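Student: If it helps, the file is called start.pdb and holds PDB, C-alpha atoms, pLDDT in the B column:
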```pdb
ATOM      1  CA  MET A 827     -38.547   0.673  22.238  1.00 60.00           C
ATOM      2  CA  GLU A 828     -40.973  -0.243  25.074  1.00 67.00           C
ATOM      3  CA  GLU A 829     -43.717   1.795  23.457  1.00 73.00           C
ATOM      4  CA  GLU A 830     -43.138  -0.013  20.184  1.00 69.00           C
ATOM      5  CA  ILE A 831     -43.482  -3.402  21.932  1.00 71.00           C
ATOM      6  CA  LYS A 832     -46.837  -2.301  23.422  1.00 76.00           C
ATOM      7  CA  ARG A 833     -48.141  -1.176  20.050  1.00 79.00           C
ATOM      8  CA  PHE A 834     -46.877  -4.217  18.118  1.00 76.00           C
ATOM      9  CA  PRO A 835     -46.701  -7.131  20.618  1.00 77.00           C
ATOM     10  CA  LEU A 836     -46.076  -9.759  17.931  1.00 78.00           C
ATOM     11  CA  ARG A 837     -43.248  -7.863  16.283  1.00 72.00           C
ATOM     12  CA  ARG A 838     -39.942  -9.634  16.678  1.00 68.00           C
ATOM     13  CA  ILE A 839     -37.247  -7.532  18.288  1.00 65.00           C
ATOM     14  CA  ILE A 840     -34.031  -7.675  16.273  1.00 64.00           C
ATOM     15  CA  ARG A 841     -30.998  -8.044  18.457  1.00 70.00           C
ATOM     16  CA  THR A 842     -27.459  -8.006  17.218  1.00 73.00           C
ATOM     17  CA  ILE A 843     -25.335 -11.161  17.285  1.00 78.00           C
ATOM     18  CA  VAL A 844     -22.273  -9.077  18.023  1.00 84.00           C
ATOM     19  CA  PRO A 845     -20.700  -9.641  21.475  1.00 85.00           C
ATOM     20  CA  SER A 846     -20.774  -6.484  23.583  1.00 85.00           C
ATOM     21  CA  SER A 847     -16.975  -6.254  23.661  1.00 87.00           C
ATOM     22  CA  PHE A 848     -16.932  -6.045  19.835  1.00 90.00           C
ATOM     23  CA  LYS A 849     -19.622  -3.389  19.489  1.00 90.00           C
ATOM     24  CA  VAL A 850     -17.532  -0.228  19.620  1.00 92.00           C
ATOM     25  CA  ALA A 851     -14.960  -1.521  17.119  1.00 93.00           C
ATOM     26  CA  ILE A 852     -17.551  -2.682  14.600  1.00 93.00           C
ATOM     27  CA  THR A 853     -19.774   0.377  14.987  1.00 94.00           C
ATOM     28  CA  ASN A 854     -16.804   2.705  14.495  1.00 95.00           C
ATOM     29  CA  LEU A 855     -15.575   0.778  11.452  1.00 95.00           C
ATOM     30  CA  PHE A 856     -18.936   1.179   9.721  1.00 95.00           C
ATOM     31  CA  ARG A 857     -19.475   4.733  10.981  1.00 95.00           C
ATOM     32  CA  ILE A 858     -16.040   6.335  10.464  1.00 96.00           C
ATOM     33  CA  GLY A 859     -14.003   3.720   8.559  1.00 96.00           C
ATOM     34  CA  HIS A 860     -11.564   3.164  11.425  1.00 96.00           C
ATOM     35  CA  VAL A 861     -11.708   1.505  14.851  1.00 96.00           C
ATOM     36  CA  PRO A 862     -10.561   4.416  17.051  1.00 96.00           C
ATOM     37  CA  GLU A 863     -11.855   7.954  16.599  1.00 96.00           C
ATOM     38  CA  LEU A 864      -9.275  10.628  15.814  1.00 97.00           C
ATOM     39  CA  LEU A 865      -9.490  13.067  18.707  1.00 97.00           C
ATOM     40  CA  ASP A 866      -8.720  16.785  18.360  1.00 97.00           C
ATOM     41  CA  TYR A 867      -5.878  16.349  20.848  1.00 98.00           C
ATOM     42  CA  TRP A 868      -4.111  13.908  18.516  1.00 97.00           C
ATOM     43  CA  ILE A 869      -4.739  16.119  15.460  1.00 98.00           C
ATOM     44  CA  ASP A 870      -2.933  18.943  17.280  1.00 98.00           C
ATOM     45  CA  GLU A 871      -0.141  16.608  18.375  1.00 98.00           C
ATOM     46  CA  ARG A 872       0.266  15.282  14.816  1.00 98.00           C
ATOM     47  CA  ILE A 873       0.688  18.835  13.522  1.00 98.00           C
ATOM     48  CA  ARG A 874       3.101  19.640  16.353  1.00 98.00           C
ATOM     49  CA  ILE A 875       5.497  16.829  15.327  1.00 97.00           C
ATOM     50  CA  GLY A 876       5.256  17.653  11.618  1.00 97.00           C
ATOM     51  CA  LEU A 877       2.642  15.164  10.408  1.00 97.00           C
ATOM     52  CA  GLU A 878      -0.524  15.924   8.437  1.00 96.00           C
ATOM     53  CA  GLY A 879      -3.290  16.868  10.915  1.00 97.00           C
ATOM     54  CA  LYS A 880      -5.560  14.153   9.598  1.00 96.00           C
ATOM     55  CA  PRO A 881      -3.920  11.194   7.872  1.00 96.00           C
ATOM     56  CA  PRO A 882      -4.902  10.659   4.202  1.00 95.00           C
ATOM     57  CA  THR A 883      -7.431   7.937   5.022  1.00 95.00           C
ATOM     58  CA  ALA A 884     -11.138   7.707   5.832  1.00 95.00           C
ATOM     59  CA  TYR A 885     -10.345  10.142   8.670  1.00 95.00           C
ATOM     60  CA  GLN A 886      -9.910  12.795   5.983  1.00 94.00           C
ATOM     61  CA  ASP A 887     -12.085  11.740   3.069  1.00 92.00           C
ATOM     62  CA  ASP A 888     -15.832  10.997   3.194  1.00 92.00           C
ATOM     63  CA  LYS A 889     -15.742   9.353  -0.260  1.00 94.00           C
ATOM     64  CA  VAL A 890     -13.465   6.667   1.175  1.00 96.00           C
ATOM     65  CA  LEU A 891     -15.968   6.013   3.954  1.00 95.00           C
ATOM     66  CA  SER A 892     -18.860   5.727   1.515  1.00 96.00           C
ATOM     67  CA  GLU A 893     -16.926   3.116  -0.506  1.00 97.00           C
ATOM     68  CA  LEU A 894     -16.406   1.042   2.632  1.00 97.00           C
ATOM     69  CA  GLN A 895     -20.108   1.281   3.452  1.00 96.00           C
ATOM     70  CA  VAL A 896     -21.038   0.063  -0.055  1.00 97.00           C
ATOM     71  CA  LEU A 897     -18.810  -2.998   0.430  1.00 97.00           C
ATOM     72  CA  VAL A 898     -20.360  -3.762   3.832  1.00 96.00           C
ATOM     73  CA  LYS A 899     -23.826  -3.590   2.271  1.00 96.00           C
ATOM     74  CA  ASN A 900     -22.720  -5.747  -0.700  1.00 95.00           C
ATOM     75  CA  ALA A 901     -21.523  -8.408   1.719  1.00 95.00           C
ATOM     76  CA  LYS A 902     -24.861  -8.104   3.631  1.00 94.00           C
ATOM     77  CA  THR A 903     -22.878  -7.955   6.854  1.00 93.00           C
ATOM     78  CA  ASP A 904     -24.971  -5.007   8.042  1.00 92.00           C
ATOM     79  CA  LYS A 905     -28.131  -7.128   7.872  1.00 91.00           C
ATOM     80  CA  LYS A 906     -26.439 -10.160   9.414  1.00 90.00           C
ATOM     81  CA  ILE A 907     -25.290  -8.276  12.497  1.00 90.00           C
ATOM     82  CA  GLY A 908     -28.225  -5.844  12.688  1.00 89.00           C
ATOM     83  CA  PHE A 909     -26.594  -2.494  11.943  1.00 91.00           C
ATOM     84  CA  ASP A 910     -28.917   0.491  11.804  1.00 91.00           C
ATOM     85  CA  TRP A 911     -27.511   2.915   9.194  1.00 93.00           C
ATOM     86  CA  GLU A 912     -29.837   5.754  10.230  1.00 92.00           C
ATOM     87  CA  ARG A 913     -28.807   5.701  13.868  1.00 92.00           C
ATOM     88  CA  LYS A 914     -25.317   4.481  12.946  1.00 92.00           C
ATOM     89  CA  GLU A 915     -25.312   1.851  15.680  1.00 90.00           C
ATOM     90  CA  LEU A 916     -26.055  -1.814  16.233  1.00 88.00           C
ATOM     91  CA  LYS A 917     -29.643  -2.786  17.018  1.00 83.00           C
ATOM     92  CA  THR A 918     -29.877  -3.842  20.636  1.00 72.00           C
TER      93      THR A 918
ATOM     94  CA  MET B1262       4.990  -5.900  -8.000  1.00 51.00           C
ATOM     95  CA  SER B1263       6.984  -2.937  -6.699  1.00 47.00           C
ATOM     96  CA  LYS B1264       8.011  -0.099  -8.978  1.00 54.00           C
ATOM     97  CA  SER B1265      11.354  -0.615  -7.317  1.00 58.00           C
ATOM     98  CA  LYS B1266      12.367  -2.786  -4.413  1.00 72.00           C
ATOM     99  CA  THR B1267      12.839   0.249  -2.222  1.00 78.00           C
ATOM    100  CA  GLU B1268       9.445   1.930  -2.776  1.00 93.00           C
ATOM    101  CA  PHE B1269       6.452   0.870  -0.695  1.00 97.00           C
ATOM    102  CA  ALA B1270       2.913   2.048  -0.040  1.00 97.00           C
ATOM    103  CA  PHE B1271       2.991   2.919   3.680  1.00 97.00           C
ATOM    104  CA  PHE B1272      -0.182   1.613   5.326  1.00 98.00           C
ATOM    105  CA  LEU B1273      -0.745   3.400   8.641  1.00 97.00           C
ATOM    106  CA  GLY B1274      -3.677   1.423  10.036  1.00 96.00           C
ATOM    107  CA  CYS B1275      -5.904   2.925  12.736  1.00 95.00           C
ATOM    108  CA  THR B1276      -4.220   3.066  16.125  1.00 95.00           C
ATOM    109  CA  ILE B1277      -0.906   4.423  14.881  1.00 96.00           C
ATOM    110  CA  PRO B1278      -2.229   7.660  13.285  1.00 97.00           C
ATOM    111  CA  ALA B1279      -4.893   8.076  15.978  1.00 97.00           C
ATOM    112  CA  SER B1280      -2.753   7.742  19.112  1.00 95.00           C
ATOM    113  CA  GLN B1281       0.666   6.117  18.500  1.00 96.00           C
ATOM    114  CA  ILE B1282       1.891   8.953  16.333  1.00 97.00           C
ATOM    115  CA  PHE B1283       5.519   8.539  17.416  1.00 97.00           C
ATOM    116  CA  VAL B1284       5.502   5.207  15.510  1.00 96.00           C
ATOM    117  CA  GLU B1285       4.363   6.938  12.299  1.00 97.00           C
ATOM    118  CA  LYS B1286       6.926   9.709  12.683  1.00 97.00           C
ATOM    119  CA  SER B1287       9.878   7.509  13.647  1.00 97.00           C
ATOM    120  CA  THR B1288       9.128   4.934  10.924  1.00 97.00           C
ATOM    121  CA  GLY B1289       9.303   7.711   8.335  1.00 97.00           C
ATOM    122  CA  LEU B1290      12.613   8.984   9.722  1.00 96.00           C
ATOM    123  CA  VAL B1291      14.188   5.520   9.997  1.00 95.00           C
ATOM    124  CA  ALA B1292      13.020   4.458   6.536  1.00 96.00           C
ATOM    125  CA  LYS B1293      14.494   7.621   5.004  1.00 95.00           C
ATOM    126  CA  LYS B1294      17.818   6.955   6.721  1.00 94.00           C
ATOM    127  CA  LEU B1295      17.844   3.369   5.433  1.00 94.00           C
ATOM    128  CA  GLY B1296      16.913   4.267   1.855  1.00 93.00           C
ATOM    129  CA  ILE B1297      13.403   2.788   1.989  1.00 95.00           C
ATOM    130  CA  LYS B1298      10.965   5.067   0.165  1.00 96.00           C
ATOM    131  CA  LEU B1299       7.551   5.098   1.859  1.00 97.00           C
ATOM    132  CA  VAL B1300       4.755   6.551  -0.267  1.00 96.00           C
ATOM    133  CA  ASP B1301       1.500   7.900   1.236  1.00 95.00           C
ATOM    134  CA  PHE B1302      -1.260   5.278   1.102  1.00 96.00           C
ATOM    135  CA  ARG B1303      -4.085   7.662   0.204  1.00 96.00           C
ATOM    136  CA  GLY B1304      -7.695   6.542   0.555  1.00 96.00           C
ATOM    137  CA  ALA B1305      -7.180   3.725   3.051  1.00 97.00           C
ATOM    138  CA  THR B1306      -9.628   2.594   5.713  1.00 97.00           C
ATOM    139  CA  CYS B1307      -9.110   0.258   8.654  1.00 97.00           C
ATOM    140  CA  CYS B1308      -7.357  -2.858   7.292  1.00 95.00           C
ATOM    141  CA  PRO B1309      -9.933  -4.123   8.765  1.00 95.00           C
ATOM    142  CA  GLU B1310      -9.256  -5.319  12.273  1.00 89.00           C
ATOM    143  CA  PRO B1311      -8.200  -8.998  12.174  1.00 87.00           C
ATOM    144  CA  GLU B1312     -10.290 -10.589  14.956  1.00 86.00           C
ATOM    145  CA  MET B1313     -13.638  -8.959  15.634  1.00 88.00           C
ATOM    146  CA  ILE B1314     -14.598  -8.028  12.082  1.00 88.00           C
ATOM    147  CA  ARG B1315     -13.325 -11.295  10.636  1.00 90.00           C
ATOM    148  CA  LEU B1316     -15.345 -13.317  13.159  1.00 89.00           C
ATOM    149  CA  VAL B1317     -18.690 -11.590  12.720  1.00 89.00           C
ATOM    150  CA  GLY B1318     -18.426 -10.462   9.101  1.00 91.00           C
ATOM    151  CA  HIS B1319     -15.872 -12.475   7.143  1.00 94.00           C
ATOM    152  CA  ASP B1320     -17.283 -11.373   3.756  1.00 96.00           C
ATOM    153  CA  ALA B1321     -17.051  -7.682   4.624  1.00 96.00           C
ATOM    154  CA  TRP B1322     -13.596  -8.249   6.117  1.00 97.00           C
ATOM    155  CA  LEU B1323     -12.330  -9.709   2.826  1.00 97.00           C
ATOM    156  CA  ARG B1324     -13.891  -6.961   0.710  1.00 97.00           C
ATOM    157  CA  ILE B1325     -12.497  -4.120   2.816  1.00 97.00           C
ATOM    158  CA  ALA B1326      -9.024  -5.723   2.830  1.00 98.00           C
ATOM    159  CA  ALA B1327      -9.198  -6.165  -0.971  1.00 98.00           C
ATOM    160  CA  ARG B1328     -10.232  -2.525  -1.387  1.00 98.00           C
ATOM    161  CA  ASN B1329      -7.170  -1.367   0.553  1.00 98.00           C
ATOM    162  CA  LEU B1330      -4.865  -3.684  -1.399  1.00 98.00           C
ATOM    163  CA  SER B1331      -6.354  -2.517  -4.713  1.00 98.00           C
ATOM    164  CA  ILE B1332      -5.125   1.001  -3.881  1.00 97.00           C
ATOM    165  CA  ALA B1333      -1.557  -0.288  -3.499  1.00 97.00           C
ATOM    166  CA  GLU B1334      -1.962  -2.179  -6.768  1.00 96.00           C
ATOM    167  CA  THR B1335      -2.965   1.058  -8.502  1.00 96.00           C
ATOM    168  CA  MET B1336       0.099   2.741  -6.995  1.00 95.00           C
ATOM    169  CA  GLY B1337       2.263  -0.099  -8.332  1.00 95.00           C
ATOM    170  CA  CYS B1338       3.849  -0.684  -4.936  1.00 94.00           C
ATOM    171  CA  ASP B1339       3.997  -3.514  -2.445  1.00 96.00           C
ATOM    172  CA  VAL B1340       2.647  -2.629   0.990  1.00 97.00           C
ATOM    173  CA  CYS B1341       4.731  -1.770   4.053  1.00 97.00           C
ATOM    174  CA  VAL B1342       2.913  -2.138   7.378  1.00 96.00           C
ATOM    175  CA  VAL B1343       4.038  -1.345  10.898  1.00 95.00           C
ATOM    176  CA  CYS B1344       1.074  -2.718  12.845  1.00 94.00           C
ATOM    177  CA  PRO B1345       1.160  -6.536  13.342  1.00 92.00           C
ATOM    178  CA  GLY B1346      -2.659  -6.611  13.225  1.00 93.00           C
ATOM    179  CA  CYS B1347      -2.766  -4.991   9.771  1.00 95.00           C
ATOM    180  CA  TYR B1348      -0.027  -7.385   8.672  1.00 93.00           C
ATOM    181  CA  ASP B1349      -2.131 -10.329   9.869  1.00 92.00           C
ATOM    182  CA  THR B1350      -5.252  -9.132   8.048  1.00 95.00           C
ATOM    183  CA  PHE B1351      -3.514  -8.462   4.734  1.00 95.00           C
ATOM    184  CA  ALA B1352      -1.412 -11.637   4.804  1.00 93.00           C
ATOM    185  CA  LYS B1353      -4.411 -13.840   5.582  1.00 93.00           C
ATOM    186  CA  ALA B1354      -6.771 -12.136   3.132  1.00 95.00           C
ATOM    187  CA  ASN B1355      -4.093 -12.310   0.411  1.00 94.00           C
ATOM    188  CA  ASP B1356      -3.590 -15.992   1.185  1.00 93.00           C
ATOM    189  CA  GLU B1357      -7.318 -16.646   0.732  1.00 95.00           C
ATOM    190  CA  PHE B1358      -7.359 -14.720  -2.570  1.00 96.00           C
ATOM    191  CA  ARG B1359      -4.324 -16.580  -3.920  1.00 94.00           C
ATOM    192  CA  HIS B1360      -5.747 -19.999  -3.100  1.00 94.00           C
ATOM    193  CA  ASP B1361      -9.351 -19.411  -4.162  1.00 96.00           C
ATOM    194  CA  SER B1362      -9.811 -17.709  -7.531  1.00 96.00           C
ATOM    195  CA  LYS B1363     -13.609 -17.985  -7.254  1.00 97.00           C
ATOM    196  CA  LEU B1364     -13.522 -16.050  -3.996  1.00 97.00           C
ATOM    197  CA  LEU B1365     -11.324 -13.388  -5.596  1.00 97.00           C
ATOM    198  CA  ASP B1366     -13.756 -13.119  -8.523  1.00 97.00           C
ATOM    199  CA  ASP B1367     -16.639 -12.734  -6.093  1.00 97.00           C
ATOM    200  CA  VAL B1368     -14.805 -10.007  -4.165  1.00 97.00           C
ATOM    201  CA  ASN B1369     -13.923  -8.248  -7.437  1.00 98.00           C
ATOM    202  CA  GLN B1370     -17.602  -8.200  -8.414  1.00 97.00           C
ATOM    203  CA  SER B1371     -18.175  -6.249  -5.235  1.00 97.00           C
ATOM    204  CA  LEU B1372     -15.165  -3.979  -5.808  1.00 97.00           C
ATOM    205  CA  LEU B1373     -16.487  -3.225  -9.291  1.00 97.00           C
ATOM    206  CA  THR B1374     -19.408  -1.329  -7.727  1.00 97.00           C
ATOM    207  CA  ILE B1375     -16.914   1.199  -6.344  1.00 97.00           C
ATOM    208  CA  GLY B1376     -14.706   1.182  -9.463  1.00 97.00           C
ATOM    209  CA  LYS B1377     -11.870  -0.895  -8.044  1.00 97.00           C
ATOM    210  CA  HIS B1378     -10.167  -4.204  -8.850  1.00 97.00           C
ATOM    211  CA  TYR B1379      -7.616  -6.380  -7.078  1.00 97.00           C
ATOM    212  CA  SER B1380      -5.571  -9.086  -8.813  1.00 96.00           C
ATOM    213  CA  GLY B1381      -4.034 -10.604  -5.671  1.00 94.00           C
ATOM    214  CA  LYS B1382      -0.442  -9.843  -6.688  1.00 93.00           C
ATOM    215  CA  ILE B1383       0.517  -7.345  -4.007  1.00 94.00           C
ATOM    216  CA  ASN B1384       3.061  -8.469  -1.397  1.00 94.00           C
ATOM    217  CA  ILE B1385       2.747  -7.444   2.250  1.00 94.00           C
ATOM    218  CA  ARG B1386       5.947  -6.556   4.070  1.00 94.00           C
ATOM    219  CA  HIS B1387       6.336  -5.667   7.734  1.00 94.00           C
ATOM    220  CA  ILE B1388       8.900  -2.980   8.489  1.00 94.00           C
ATOM    221  CA  ILE B1389      10.902  -5.431  10.648  1.00 92.00           C
ATOM    222  CA  ASP B1390      11.142  -7.819   7.689  1.00 92.00           C
ATOM    223  CA  LEU B1391      12.154  -4.972   5.382  1.00 94.00           C
ATOM    224  CA  ILE B1392      14.919  -3.814   7.699  1.00 94.00           C
ATOM    225  CA  TYR B1393      16.182  -7.334   8.407  1.00 94.00           C
ATOM    226  CA  SER B1394      15.904  -8.843   4.915  1.00 94.00           C
ATOM    227  CA  ASP B1395      16.317  -5.912   2.521  1.00 94.00           C
ATOM    228  CA  VAL B1396      18.542  -3.498   4.403  1.00 94.00           C
ATOM    229  CA  GLY B1397      20.448  -6.234   6.232  1.00 95.00           C
ATOM    230  CA  LEU B1398      22.295  -6.393   9.520  1.00 94.00           C
ATOM    231  CA  ALA B1399      25.662  -5.557   7.948  1.00 95.00           C
ATOM    232  CA  ARG B1400      24.391  -2.197   6.651  1.00 94.00           C
ATOM    233  CA  LEU B1401      22.566  -1.525   9.907  1.00 93.00           C
ATOM    234  CA  LYS B1402      25.798  -2.048  11.865  1.00 92.00           C
ATOM    235  CA  LYS B1403      27.573   0.513   9.681  1.00 93.00           C
ATOM    236  CA  LEU B1404      24.860   3.061  10.473  1.00 92.00           C
ATOM    237  CA  LEU B1405      25.039   2.592  14.251  1.00 90.00           C
ATOM    238  CA  VAL B1406      25.537   5.879  16.079  1.00 90.00           C
ATOM    239  CA  LYS B1407      25.173   4.853  19.704  1.00 89.00           C
ATOM    240  CA  ARG B1408      25.855   1.398  21.120  1.00 89.00           C
ATOM    241  CA  PHE B1409      23.866   0.111  24.069  1.00 88.00           C
ATOM    242  CA  ASN B1410      26.422  -2.379  25.321  1.00 90.00           C
ATOM    243  CA  GLY B1411      25.264  -4.265  28.397  1.00 92.00           C
ATOM    244  CA  LEU B1412      21.623  -3.288  27.968  1.00 93.00           C
ATOM    245  CA  ARG B1413      19.309  -6.289  28.427  1.00 93.00           C
ATOM    246  CA  VAL B1414      16.323  -6.176  26.079  1.00 90.00           C
ATOM    247  CA  ALA B1415      13.242  -8.381  25.858  1.00 92.00           C
ATOM    248  CA  ALA B1416      11.958  -8.311  22.276  1.00 86.00           C
ATOM    249  CA  GLN B1417       8.184  -8.161  21.732  1.00 83.00           C
ATOM    250  CA  TYR B1418       7.471  -8.533  18.036  1.00 79.00           C
ATOM    251  CA  GLY B1419       3.665  -8.748  18.247  1.00 80.00           C
ATOM    252  CA  CYS B1420       2.104 -12.207  18.185  1.00 81.00           C
ATOM    253  CA  ARG B1421       0.418 -11.685  14.823  1.00 81.00           C
ATOM    254  CA  LEU B1422       3.740 -11.363  13.033  1.00 81.00           C
ATOM    255  CA  GLN B1423       4.360 -15.069  13.522  1.00 73.00           C
ATOM    256  CA  ARG B1424       1.870 -16.329  10.982  1.00 65.00           C
ATOM    257  CA  GLU B1425       1.311 -19.903   9.803  1.00 61.00           C
ATOM    258  CA  THR B1426       4.314 -21.431   8.050  1.00 55.00           C
ATOM    259  CA  GLU B1427       2.351 -22.622   5.001  1.00 62.00           C
ATOM    260  CA  MET B1428       1.440 -19.041   4.123  1.00 62.00           C
ATOM    261  CA  GLU B1429       3.697 -17.478   1.507  1.00 54.00           C
TER     262      GLU B1429
END
```
Render the structure in this file as structure tokens.
Tutor:
Amino acid sequence: MEEEIKRFPLRRIIRTIVPSSFKVAITNLFRIGHVPELLDYWIDERIRIGLEGKPPTAYQDDKVLSELQVLVKNAKTDKKIGFDWERKELKT
Amino acid sequence: MSKSKTEFAFFLGCTIPASQIFVEKSTGLVAKKLGIKLVDFRGATCCPEPEMIRLVGHDAWLRIAARNLSIAETMGCDVCVVCPGCYDTFAKANDEFRHDSKLLDDVNQSLLTIGKHYSGKINIRHIIDLIYSDVGLARLKKLLVKRFNGLRVAAQYGCRLQRETEME
């Protein structure tokens, strides 16, 4: 980032409007379709008590996640809050 | 909207399947015992979360909620939720859709791009409401196995369950 500022001193740096305490939740929602990540420990525990390892949601199905991402882009929320889809994180 | 009054699309949310798995398991067992049929809510995402996402991206919040509810509509079932946060999101989004047909049309334009549609007719029921209103205390008493006489309990329903009174 610093190198970019030296090369393009007039370029405006985009910063997200999202408060820092919201960043993880919003990033995860756009990145995986849910707020918390599903850890391997909980997948094993789910199987141990007789549940499906991964629940039948965006945790399991990438098509579901891509539908959510289309809706976020339709609403232009990604642009409003400065979400970088390549890096899958908010611009800071 | 339900196929029958005892069949519901079981919306898990995020935290319950990812770390509070005892809630998912016990809800299934209790519902079975009480004759409530919970059907897998396949293809869901986060409801989405009722504070952070709604504050910074209200449009996306509405669209994601409508997408989830459109799945229940396709299933022909009302939604059963366990998480008060998911209940809050769905109840409030549904309320907006039911009072603003232009907003619902706008959201449906967006849903069309992913091949979905939501009419706004799905009802959202929390499991506590289902047990209290549909099963009833009289039936619950008959099913009691162990009594906890003398046990003092402080009930914590979850603040988001107590929504505004004007909401249907």
Student: Can you work out the spacing between atom CA of Asp1339 of chain B and atom CA of Asp1356 of chain B in Å, to one decimal?
Tutor: 15.0 Å
Student: May I have a table of the residues of chain B lying at most 8 Å from chain A, giving each one's closest pair of atoms and their distance in Å to one decimal, counting all atoms listed in the file, ordered by chain and ascending residue number, as a tab-separated table?
Tutor:
```
residue	atom	partner	partner_atom	distance
B:Cys1275	CA	A:His860	CA	5.8
B:Thr1276	CA	A:Pro862	CA	6.5
B:Pro1278	CA	A:Pro881	CA	6.7
B:Ala1279	CA	A:Leu864	CA	5.1
B:Ser1280	CA	A:Trp868	CA	6.3
B:Ile1282	CA	A:Arg872	CA	6.7
B:Lys1286	CA	A:Leu877	CA	7.3
B:Asp1301	CA	A:Pro882	CA	7.6
B:Phe1302	CA	A:Pro882	CA	7.2
B:Arg1303	CA	A:Pro882	CA	5.1
B:Gly1304	CA	A:Thr883	CA	4.7
B:Ala1305	CA	A:Thr883	CA	4.7
B:Thr1306	CA	A:Ala884	CA	5.3
B:Cys1307	CA	A:His860	CA	4.7
B:Pro1309	CA	A:His860	CA	7.9
B:Glu1310	CA	A:Val861	CA	7.7
B:Met1313	CA	A:Phe848	CA	6.1
B:Ile1314	CA	A:Ile852	CA	6.6
B:Val1317	CA	A:Val844	CA	6.9
B:Gly1318	CA	A:Thr903	CA	5.6
B:Asp1320	CA	A:Ala901	CA	5.6
B:Ala1321	CA	A:Val898	CA	5.2
B:Arg1324	CA	A:Leu897	CA	6.3
B:Ile1325	CA	A:Leu894	CA	6.5
B:Ser1371	CA	A:Asn900	CA	6.4
B:Leu1372	CA	A:Leu897	CA	7.3
B:Thr1374	CA	A:Val896	CA	8.0
B:Ile1375	CA	A:Glu893	CA	6.1
```
Student: Between atom CA of Lys1407 of chain B and atom CA of Leu1290 of chain B, measure the distance and give it in Å to one decimal.
Tutor: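 One can read the atom CA of Lys1407 of chain B to atom CA of Leu1290 of chain B distance as 16.6 Å.
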Student: What does the PyMOL selection byres ((chain B and resi 1338) around 10) select in this file, as a PDB file with C-alpha atoms, in the frame of the given file?
Tutor:
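Here's the written file out21.pdb:
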```
ATOM      1  CA  MET B1262       4.990  -5.900  -8.000  1.00 51.00           C
ATOM      2  CA  SER B1263       6.984  -2.937  -6.699  1.00 47.00           C
ATOM      3  CA  LYS B1264       8.011  -0.099  -8.978  1.00 54.00           C
ATOM      4  CA  SER B1265      11.354  -0.615  -7.317  1.00 58.00           C
ATOM      5  CA  LYS B1266      12.367  -2.786  -4.413  1.00 72.00           C
ATOM      6  CA  THR B1267      12.839   0.249  -2.222  1.00 78.00           C
ATOM      7  CA  GLU B1268       9.445   1.930  -2.776  1.00 93.00           C
ATOM      8  CA  PHE B1269       6.452   0.870  -0.695  1.00 97.00           C
ATOM      9  CA  ALA B1270       2.913   2.048  -0.040  1.00 97.00           C
ATOM     10  CA  PHE B1271       2.991   2.919   3.680  1.00 97.00           C
ATOM     11  CA  LEU B1299       7.551   5.098   1.859  1.00 97.00           C
ATOM     12  CA  VAL B1300       4.755   6.551  -0.267  1.00 96.00           C
ATOM     13  CA  PHE B1302      -1.260   5.278   1.102  1.00 96.00           C
ATOM     14  CA  LEU B1330      -4.865  -3.684  -1.399  1.00 98.00           C
ATOM     15  CA  ILE B1332      -5.125   1.001  -3.881  1.00 97.00           C
ATOM     16  CA  ALA B1333      -1.557  -0.288  -3.499  1.00 97.00           C
ATOM     17  CA  GLU B1334      -1.962  -2.179  -6.768  1.00 96.00           C
ATOM     18  CA  THR B1335      -2.965   1.058  -8.502  1.00 96.00           C
ATOM     19  CA  MET B1336       0.099   2.741  -6.995  1.00 95.00           C
ATOM     20  CA  GLY B1337       2.263  -0.099  -8.332  1.00 95.00           C
ATOM     21  CA  ASP B1339       3.997  -3.514  -2.445  1.00 96.00           C
ATOM     22  CA  VAL B1340       2.647  -2.629   0.990  1.00 97.00           C
ATOM     23  CA  CYS B1341       4.731  -1.770   4.053  1.00 97.00           C
ATOM     24  CA  ILE B1383       0.517  -7.345  -4.007  1.00 94.00           C
ATOM     25  CA  ASN B1384       3.061  -8.469  -1.397  1.00 94.00           C
ATOM     26  CA  ILE B1385       2.747  -7.444   2.250  1.00 94.00           C
TER      27      ILE B1385
END
```
Student: Considering all atoms listed in the file, can you say which of B:Leu1273, B:Phe1351, B:Asn1329, B:Cys1308 comes closest to His1378 of chain B?
Tutor: B:Asn1329
Student: Hey, can you check how far atom CA of Ile1392 of chain B sits from atom CA of Cys1344 of chain B?
Tutor: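 Spanning atom CA of Ile1392 of chain B to atom CA of Cys1344 of chain B is a straight-line distance of 14.8 Å.
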Student: What residues come out when you apply the PyMOL selection byres ((chain B and resi 1343) around 6) to this file, written as a ChimeraX atom specification?
Tutor: /B:1342,1344,1387-1388
Student: Might I get the box with edges along x, y and z of the file that holds all atoms of segment 842-853 of chain A listed there, padded by 5 Å on every side, given as centre and edge lengths in Å to one decimal, as JSON?
Tutor:
```
{"center_x": -21.2, "center_y": -5.4, "center_z": 19.1, "size_x": 22.5, "size_y": 21.5, "size_z": 19.1}
```
Student: Just the residues within 9 Å of Ser1380 of chain B, please, counting all atoms listed in the file, with nothing from its chain fewer than 6 positions along; format it as a PyMOL selection string.
Tutor: chain B and resi 1331+1334+1358+1365+1369
Student: Out of B:Ala1354, B:Leu1405, B:Leu1391, B:Ala1416, which residue has the shortest atom-to-atom distance to Leu1323 of chain B when counting only C-alpha atoms?
Tutor: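 Answer, going by the shortest atom-to-atom distance: B:Ala1354.
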Student: Take the PyMOL selection byres ((chain A and resi 842) around 8), apply it to the structure above, and return the hits as a short mmCIF file (atom, residue, chain, number, x, y, z; two decimals) with C-alpha atoms, in the coordinates of the input.
Tutor:
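Wrote part28.cif, looks like this:
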```
data_model
loop_
_atom_site.label_atom_id
_atom_site.label_comp_id
_atom_site.auth_asym_id
_atom_site.auth_seq_id
_atom_site.Cartn_x
_atom_site.Cartn_y
_atom_site.Cartn_z
CA ILE A 840 -34.03 -7.68 16.27
CA ARG A 841 -31.00 -8.04 18.46
CA ILE A 843 -25.34 -11.16 17.28
CA VAL A 844 -22.27 -9.08 18.02
CA ILE A 907 -25.29 -8.28 12.50
CA GLY A 908 -28.22 -5.84 12.69
CA PHE A 909 -26.59 -2.49 11.94
CA LEU A 916 -26.06 -1.81 16.23
CA LYS A 917 -29.64 -2.79 17.02
CA THR A 918 -29.88 -3.84 20.64
#
```
